[in-house]
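In what follows, a single structure is set out as structure tokens and then discussed.
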Amino acid sequence: ALAYSYLGLYYFKIAAYDKAIAAFTSAIEKYKEEPFFYASRCLVYRQIEEDEGAFYDYQIAKRLDFNYHSVLEWAENQAELTYFEADNLVIQELESKPKHLSTDEINSLGLEYVHCYSYLKAIGLYSSAIAESDNKDSNLFVFRGSLYLKLTCFELALSDFNQAIALDENRSAAHIFRAKVFESYRNYQSALEDYAKAEEIDRDSSIVYEERASLFERLGNFEEALLDFDRLVTLNPEDFYVYSLRADLNEKLEDLPGALADYSKAIDLNPYYSDLYSYRAAIREKLGDPIGAKADLDKFNELEDE
């Protein structure tokens with residue numbers, strides 16, 4: 001796998017894009033479940049403006065490991081960094097300060113860098129703050145580690161989350177993020193242990209249940225996933241998205257009435273999200289309600305045309 005990676009990268013650097021695509025395609029044929037190669041080929045397709053191929057590879061990479069959504073989104077926005085930063089008043093104000101920034105200012109500036117896709121600047125900011133601090137702050141390791149994770153620098157991310165947990169074992173976010181690194185390594189048992197620890201620390205943290213349910217679902221443990229989605233709905237009863245997540249799982253469990261009820265609730269909460277109508281239409285069709293299905297498809301098309 002490494003040989004394909006190096007070969008594809010070499011061809012990409014010398015602008016031999018056809019050969020880079022061929023190298024990554026060969027890797028995909030041999031390692032079909034490895035998101036790195038789809039993401040790499042996506043970047044080459046973007047370089048030659050082959051939008052259809054780029055979009056296809058992006059979708060596959062994202063499905064296999066959602067972290068690749070983040071790094072591909074970051075790469076796509078690099079050309080706009082100067083514009084984003086110039087338009088950000090908080091960045092302009094804090095970067096112009098002659099003195100050392102306070103902890104709150106560092107956190108604010110780092111967050112604004114992230115909003116502008118300036119991940120490398122944010123990493124540099126957090127690294128300087130860590131190096132200059134006598135009393136290490138676990139938050140800084142979590143913040144920097146989360147950016148390494150977005151950039152799929154998994155070893156660096158894991159190191160930061162380990163450091164954060166060593167400083168404060170009750171940092172729920174560190175356990176959640178570390179679980180996501182373990183997922184990328186396909187070390188699912190360690191990921192589940194970290195999610196369990198995060199749940200123990202904060203039983204009302206919805207992100208724990210959402211992330212763990214997603215893992216259970218990918219592993220085919222649908223009943224365990226359903227328990228987490230039920231908890232997620234209890235914690236966020238006014239969030240349409242959690243109902244749509246559970247509806248999708250109910251469909252996999254062949255609980256079509258349950259899926260219909262959840263999509264209907266999601267639509268009640270967000271009647272302008274067009275995709276929900278297409279999802280519900282499919283369920284209604286399966287339940288033998290062609291009239292209801294047609295009404296939903298008509299509504300879907302109406303919203304898409306607006």
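Residue numbering restarts at 1 for every chain of the structure tokens, chains are lettered A, B, ... in their displayed order, and ligands are numbered from 1 as they appear.
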Give me, as a ChimeraX atom specification, all polymer residues having an atom no more than 9 Å from Ser108 of chain A, counting only C-alpha atoms and skipping those fewer than 4 positions away in the same chain. /A:90-91,94,103-104,112-113
Identify, with DSSP run on backbone atoms, the residues in segment 66-214 of chain A assigned to helix (DSSP H, G or I), and express the list as a PyMOL selection string. chain A and resi 67-76+78-86+89-95+103-115+119-132+138-150+154-167+172-184+188-201+206-214
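Counting from atom CA of Tyr277 of chain A, the distance to atom CA of Lys294 of chain A is 9.9 Å.
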Report the distance between atom CA of Phe24 of chain A and atom CA of Ser214 of chain A in Å, rounded to one decimal place. 28.0 Å
Determine the nearest neighbour of Leu147 of chain A from the options A:Trp74, A:Tyr263, A:Tyr185, A:Tyr279, counting only C-alpha atoms.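 Distance minimum relative to Leu147 of chain A lands on A:Trp74.
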So, counting only C-alpha atoms, which residue among A:Glu224, A:Glu169, A:Glu238, A:Glu302 is closest to Leu192 of chain A? A:Glu224
Just the residues within 9 Å of Asn301 of chain A, please, counting only C-alpha atoms, with nothing from its chain fewer than 5 positions along; format it as an NGL selection string. :A and (274 or 278 or 296 or 306)
Could you check how far atom CA of Lys299 of chain A sits from atom CA of Asp248 of chain A, in Å to one decimal?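 Atom CA of Asp248 of chain A lies 20.0 Å from atom CA of Lys299 of chain A.
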Could you list, as a PyMOL selection string, every residue within 12 Å of Cys153 of chain A, counting only C-alpha atoms and ignoring same-chain residues fewer than 3 positions away? chain A and resi 36+67-68+70-71+120+123+144-150+156-160+181+184-185
Would you export the selected residues with C-alpha atoms as a PDB file, in the first residue's frame, please?
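The new file again_1.pdb reads:
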```pdb
ATOM      1  CA  PHE A  36      -6.808   7.150   1.456  1.00  0.00           C
ATOM      2  CA  ASN A  67     -12.419  12.250   8.421  1.00  0.00           C
ATOM      3  CA  TYR A  68     -11.591  12.331   4.721  1.00  0.00           C
ATOM      4  CA  SER A  70     -12.749  17.175   6.390  1.00  0.00           C
ATOM      5  CA  VAL A  71      -9.372  16.973   4.691  1.00  0.00           C
ATOM      6  CA  LEU A 120      -2.147  25.001   9.712  1.00  0.00           C
ATOM      7  CA  ILE A 123      -2.044  24.272  14.670  1.00  0.00           C
ATOM      8  CA  ARG A 144      -4.628  20.753  18.137  1.00  0.00           C
ATOM      9  CA  GLY A 145      -5.371  17.053  18.000  1.00  0.00           C
ATOM     10  CA  SER A 146      -8.799  17.693  16.505  1.00  0.00           C
ATOM     11  CA  LEU A 147      -7.140  19.593  13.656  1.00  0.00           C
ATOM     12  CA  TYR A 148      -4.604  16.841  13.079  1.00  0.00           C
ATOM     13  CA  LEU A 149      -7.587  14.501  12.887  1.00  0.00           C
ATOM     14  CA  LYS A 150      -9.288  16.744  10.317  1.00  0.00           C
ATOM     15  CA  LEU A 156      -0.091  13.221  15.610  1.00  0.00           C
ATOM     16  CA  ALA A 157      -3.749  13.350  16.617  1.00  0.00           C
ATOM     17  CA  LEU A 158      -3.433  10.218  18.744  1.00  0.00           C
ATOM     18  CA  SER A 159      -0.372  11.627  20.497  1.00  0.00           C
ATOM     19  CA  ASP A 160      -2.229  14.826  21.393  1.00  0.00           C
ATOM     20  CA  VAL A 181      -8.696   7.849  15.572  1.00  0.00           C
ATOM     21  CA  SER A 184      -9.708   5.040  11.420  1.00  0.00           C
ATOM     22  CA  TYR A 185      -7.222   2.371  12.530  1.00  0.00           C
TER      23      TYR A 185
END
```
Contacts between segment 9-16 of chain A and segment 23-95 of chain A, please, where a residue of segment 23-95 of chain A counts if it comes within 10 Å (with only C-alpha atoms); show its shortest atom pair and distance in Å to one decimal, rows by chain and ascending number, as a tab-separated table.
```
residue	atom	partner	partner_atom	distance
A:Ala23	CA	A:Tyr11	CA	8.6
A:Phe24	CA	A:Leu9	CA	9.2
A:Ser40	CA	A:Leu9	CA	8.5
A:Arg41	CA	A:Phe12	CA	9.8
A:Leu43	CA	A:Phe12	CA	9.4
A:Val44	CA	A:Phe12	CA	7.2
A:Gln47	CA	A:Ala15	CA	9.3
A:Ile48	CA	A:Ala15	CA	9.9
```
Would you kindly return, as a ChimeraX atom specification, each protein, DNA or RNA residue with an atom no farther than 6 Å from any atom of segment 50-58 of chain A, considering only C-alpha atoms and excluding same-chain residues fewer than 5 positions away? /A:38,42,45
Considering only C-alpha atoms, tabulate each residue of segment 28-130 of chain A that lies at most 9 Å from segment 134-141 of chain A along with its nearest interatomic pair and the corresponding distance in Å to one decimal; arrange the rows by chain and ascending residue number and present them as a Markdown table.
```
| residue | atom | partner | partner_atom | distance |
| --- | --- | --- | --- | --- |
| A:Asn107 | CA | A:Leu140 | CA | 8.5 |
| A:Tyr126 | CA | A:Leu140 | CA | 6.1 |
| A:Ser127 | CA | A:Leu140 | CA | 8.2 |
| A:Ala129 | CA | A:Leu140 | CA | 7.8 |
| A:Ile130 | CA | A:Lys136 | CA | 6.5 |
```
So, counting only C-alpha atoms, which residue among A:His175, A:Arg212, A:Lys121, A:Arg280 is closest to Arg231 of chain A?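 Among the listed residues, A:Arg212 lies closest to Arg231 of chain A.
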Leaving out Glu217 of chain A and any residue of its chain fewer than 6 positions from it, which residues lie within 12 Å of it when counting only C-alpha atoms, given as a list in words?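 Once the adjacent positions are removed, what remains is Tyr209, Glu210, Glu211, Glu223, Glu224, Ala225, Leu226, Leu227, Asp228, Phe229, Leu245, Arg246, Asp248, Leu249, Asn250, Lys252 and Leu253 of chain A.
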Take the residues from that selection and put them in a file with C-alpha atoms, as a PDB file, in the first residue's frame.
```pdb
ATOM      1  CA  TYR A 209     -24.337   8.634  21.295  1.00  0.00           C
ATOM      2  CA  GLU A 210     -24.284   9.932  17.723  1.00  0.00           C
ATOM      3  CA  GLU A 211     -20.709   8.832  17.059  1.00  0.00           C
ATOM      4  CA  GLU A 223     -29.807  -3.048  17.949  1.00  0.00           C
ATOM      5  CA  GLU A 224     -26.997  -1.350  19.883  1.00  0.00           C
ATOM      6  CA  ALA A 225     -27.095   1.529  17.403  1.00  0.00           C
ATOM      7  CA  LEU A 226     -30.835   1.887  17.945  1.00  0.00           C
ATOM      8  CA  LEU A 227     -30.355   2.220  21.703  1.00  0.00           C
ATOM      9  CA  ASP A 228     -27.910   5.078  21.143  1.00  0.00           C
ATOM     10  CA  PHE A 229     -30.181   6.776  18.605  1.00  0.00           C
ATOM     11  CA  LEU A 245     -30.657   9.228  11.500  1.00  0.00           C
ATOM     12  CA  ARG A 246     -32.935   6.889  13.416  1.00  0.00           C
ATOM     13  CA  ASP A 248     -32.501   5.382   8.255  1.00  0.00           C
ATOM     14  CA  LEU A 249     -31.591   2.750  10.837  1.00  0.00           C
ATOM     15  CA  ASN A 250     -35.231   1.723  11.281  1.00  0.00           C
ATOM     16  CA  LYS A 252     -32.345  -1.166   7.786  1.00  0.00           C
ATOM     17  CA  LEU A 253     -34.108  -2.982  10.633  1.00  0.00           C
TER      18      LEU A 253
END
```
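By only C-alpha atoms, and with residues fewer than 6 positions from Gln92 of chain A along its chain excluded, the set lying at most 10 Å from it is Glu85, Ala86 and Leu109 of chain A.
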Pull N, CA and C atoms from the residues just selected and write them as a CSV table (one decimal), in the first residue's frame.
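For reference, again-v3.csv as written:
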```
chain,number,residue,atom,x,y,z
A,85,GLU,N,-9.5,35.1,5.5
A,85,GLU,CA,-8.9,35.8,6.6
A,85,GLU,C,-9.0,37.3,6.5
A,86,ALA,N,-8.9,37.8,5.3
A,86,ALA,CA,-9.0,39.3,5.2
A,86,ALA,C,-10.4,39.8,5.5
A,109,LEU,N,-9.0,33.1,18.5
A,109,LEU,CA,-8.2,33.2,17.2
A,109,LEU,C,-8.1,31.8,16.5
```
Rank A:Ala247, A:Leu260, A:Ala164, A:Ala3 by their smallest atom-to-atom distance to Lys286 of chain A, using only C-alpha atoms, and report the top residue only.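 Of A:Ala247, A:Leu260, A:Ala164, A:Ala3, the one nearest Lys286 of chain A, counting only C-alpha atoms, is A:Leu260.
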